[in-house]
Amino acid sequence: MSMLSRAAQFAPFAALTGYDAALSEEERLSEEWMGPSDSEYGELNRTLQVVLAQIDEHPFVRVKYFRPDGHKLGGSYQECVGRVKHIDLKKRLLFLMDGSGMPLDCIDNITLEG
């Protein structure tokens, strides 16, 4: 028997294909979208109005938003910092100069920086 054939007979055997991937997915944590409170929602709207008024100057902001998980319930909170490029009110999206974007309805907090 050749060395290759002999080695193949001792190779690891996975009886349940995809089982390890399913376990990893289940172990991955996700959070629940809490959304801003009524007072936070009012402050969020006021800040977005200021950002819209200064949109030509591309204000520098810090945005905390919720990114839904594409595979299971929940998601995760993300934070990004940058200059606002554009706000699309029809599609309800905010875009930063670095190309990242987020739905306005998923923004938890936005602050003007510097």
# chains A, B, ... in the order shown; residues from 1 in each chain; ligands from 1
>>> residues_around(residues="range 74-89 of chain A", least_positions_apart="3", cutoff="6 Å", atoms="only C-alpha atoms", output="list of chain:residue names")
A:Ser30, A:Glu31, A:Glu32, A:His58, A:Pro59, A:Phe60, A:Val61, A:Arg62, A:Val63, A:Lys64, A:Tyr65, A:Phe66, A:Arg67, A:Pro68, A:Asp69, A:Arg92, A:Leu93, A:Leu94, A:Phe95, A:Leu96, A:Met97
>>> closest_residue(among="A:Asn109, A:Ser2, A:Gln54, A:Gln49", to="Gly35 in chain A", atoms="only C-alpha atoms")
A:Asn109
>>> atom_distance(atom1="CA of Gly114 in chain A", atom2="CA of Leu52 in chain A")
16.6 Å
>>> atom_distance(atom1="CA of Asn45 in chain A", atom2="CA of Gly99 in chain A")
22.7 Å
>>> decode(residues="range 29-108 of chain A", atoms="C-alpha atoms", output="PDB file, in the first residue's frame")
ATOM      1  CA  LEU A  29     -23.864  36.603  19.497  1.00  0.00           C
ATOM      2  CA  SER A  30     -26.404  39.123  18.306  1.00  0.00           C
ATOM      3  CA  GLU A  31     -28.150  41.962  20.092  1.00  0.00           C
ATOM      4  CA  GLU A  32     -31.729  43.159  20.008  1.00  0.00           C
ATOM      5  CA  TRP A  33     -32.580  46.580  18.511  1.00  0.00           C
ATOM      6  CA  MET A  34     -33.709  48.760  21.391  1.00  0.00           C
ATOM      7  CA  GLY A  35     -34.185  51.997  19.482  1.00  0.00           C
ATOM      8  CA  PRO A  36     -33.931  55.468  20.958  1.00  0.00           C
ATOM      9  CA  SER A  37     -36.308  56.571  23.722  1.00  0.00           C
ATOM     10  CA  ASP A  38     -38.791  59.376  23.013  1.00  0.00           C
ATOM     11  CA  SER A  39     -36.443  62.048  24.366  1.00  0.00           C
ATOM     12  CA  GLU A  40     -33.464  60.538  22.513  1.00  0.00           C
ATOM     13  CA  TYR A  41     -35.545  60.380  19.337  1.00  0.00           C
ATOM     14  CA  GLY A  42     -36.294  64.116  19.634  1.00  0.00           C
ATOM     15  CA  GLU A  43     -32.595  64.899  20.105  1.00  0.00           C
ATOM     16  CA  LEU A  44     -31.712  62.633  17.181  1.00  0.00           C
ATOM     17  CA  ASN A  45     -34.138  64.498  14.919  1.00  0.00           C
ATOM     18  CA  ARG A  46     -32.772  67.886  16.019  1.00  0.00           C
ATOM     19  CA  THR A  47     -29.198  66.779  15.312  1.00  0.00           C
ATOM     20  CA  LEU A  48     -30.162  65.389  11.893  1.00  0.00           C
ATOM     21  CA  GLN A  49     -31.791  68.739  11.057  1.00  0.00           C
ATOM     22  CA  VAL A  50     -28.522  70.519  11.924  1.00  0.00           C
ATOM     23  CA  VAL A  51     -26.575  68.041   9.784  1.00  0.00           C
ATOM     24  CA  LEU A  52     -28.988  68.624   6.882  1.00  0.00           C
ATOM     25  CA  ALA A  53     -28.591  72.395   7.243  1.00  0.00           C
ATOM     26  CA  GLN A  54     -24.786  72.013   7.064  1.00  0.00           C
ATOM     27  CA  ILE A  55     -24.710  69.286   4.400  1.00  0.00           C
ATOM     28  CA  ASP A  56     -22.727  71.419   1.916  1.00  0.00           C
ATOM     29  CA  GLU A  57     -19.954  71.734   4.517  1.00  0.00           C
ATOM     30  CA  HIS A  58     -19.883  67.936   5.054  1.00  0.00           C
ATOM     31  CA  PRO A  59     -20.110  68.008   8.865  1.00  0.00           C
ATOM     32  CA  PHE A  60     -17.953  65.606  10.870  1.00  0.00           C
ATOM     33  CA  VAL A  61     -20.162  63.217  12.876  1.00  0.00           C
ATOM     34  CA  ARG A  62     -20.073  60.159  15.130  1.00  0.00           C
ATOM     35  CA  VAL A  63     -22.932  57.771  14.360  1.00  0.00           C
ATOM     36  CA  LYS A  64     -24.075  54.819  16.448  1.00  0.00           C
ATOM     37  CA  TYR A  65     -26.452  52.613  14.484  1.00  0.00           C
ATOM     38  CA  PHE A  66     -27.933  49.131  14.525  1.00  0.00           C
ATOM     39  CA  ARG A  67     -26.934  46.724  11.775  1.00  0.00           C
ATOM     40  CA  PRO A  68     -29.415  43.845  11.432  1.00  0.00           C
ATOM     41  CA  ASP A  69     -27.912  40.367  11.100  1.00  0.00           C
ATOM     42  CA  GLY A  70     -28.516  38.802   7.694  1.00  0.00           C
ATOM     43  CA  HIS A  71     -28.694  35.252   9.057  1.00  0.00           C
ATOM     44  CA  LYS A  72     -30.578  35.352  12.342  1.00  0.00           C
ATOM     45  CA  LEU A  73     -32.706  37.590  14.564  1.00  0.00           C
ATOM     46  CA  GLY A  74     -31.036  40.610  16.061  1.00  0.00           C
ATOM     47  CA  GLY A  75     -27.844  42.253  14.932  1.00  0.00           C
ATOM     48  CA  SER A  76     -25.129  44.443  16.352  1.00  0.00           C
ATOM     49  CA  TYR A  77     -24.538  48.063  17.201  1.00  0.00           C
ATOM     50  CA  GLN A  78     -21.870  49.723  15.075  1.00  0.00           C
ATOM     51  CA  GLU A  79     -20.185  53.090  15.391  1.00  0.00           C
ATOM     52  CA  CYS A  80     -18.536  55.090  12.661  1.00  0.00           C
ATOM     53  CA  VAL A  81     -16.954  58.495  12.510  1.00  0.00           C
ATOM     54  CA  GLY A  82     -16.587  60.629   9.410  1.00  0.00           C
ATOM     55  CA  ARG A  83     -17.836  63.430   7.233  1.00  0.00           C
ATOM     56  CA  VAL A  84     -21.386  63.279   5.944  1.00  0.00           C
ATOM     57  CA  LYS A  85     -21.473  63.128   2.158  1.00  0.00           C
ATOM     58  CA  HIS A  86     -25.188  62.926   1.506  1.00  0.00           C
ATOM     59  CA  ILE A  87     -28.544  62.194   3.119  1.00  0.00           C
ATOM     60  CA  ASP A  88     -31.125  60.583   0.828  1.00  0.00           C
ATOM     61  CA  LEU A  89     -34.478  61.415   2.392  1.00  0.00           C
ATOM     62  CA  LYS A  90     -36.466  59.357  -0.133  1.00  0.00           C
ATOM     63  CA  LYS A  91     -34.518  56.169   0.558  1.00  0.00           C
ATOM     64  CA  ARG A  92     -33.890  57.262   4.183  1.00  0.00           C
ATOM     65  CA  LEU A  93     -30.122  56.663   4.031  1.00  0.00           C
ATOM     66  CA  LEU A  94     -27.134  58.589   5.405  1.00  0.00           C
ATOM     67  CA  PHE A  95     -23.822  58.294   3.533  1.00  0.00           C
ATOM     68  CA  LEU A  96     -20.358  59.198   4.785  1.00  0.00           C
ATOM     69  CA  MET A  97     -17.437  60.345   2.619  1.00  0.00           C
ATOM     70  CA  ASP A  98     -15.695  56.969   3.072  1.00  0.00           C
ATOM     71  CA  GLY A  99     -18.566  55.275   1.220  1.00  0.00           C
ATOM     72  CA  SER A 100     -20.242  53.730   4.238  1.00  0.00           C
ATOM     73  CA  GLY A 101     -23.952  54.199   4.619  1.00  0.00           C
ATOM     74  CA  MET A 102     -26.691  53.401   7.079  1.00  0.00           C
ATOM     75  CA  PRO A 103     -30.494  53.576   7.171  1.00  0.00           C
ATOM     76  CA  LEU A 104     -31.797  56.622   9.035  1.00  0.00           C
ATOM     77  CA  ASP A 105     -34.292  54.371  10.827  1.00  0.00           C
ATOM     78  CA  CYS A 106     -31.436  52.320  12.339  1.00  0.00           C
ATOM     79  CA  ILE A 107     -29.502  55.289  13.763  1.00  0.00           C
ATOM     80  CA  ASP A 108     -29.464  55.205  17.549  1.00  0.00           C
TER      81      ASP A 108
END
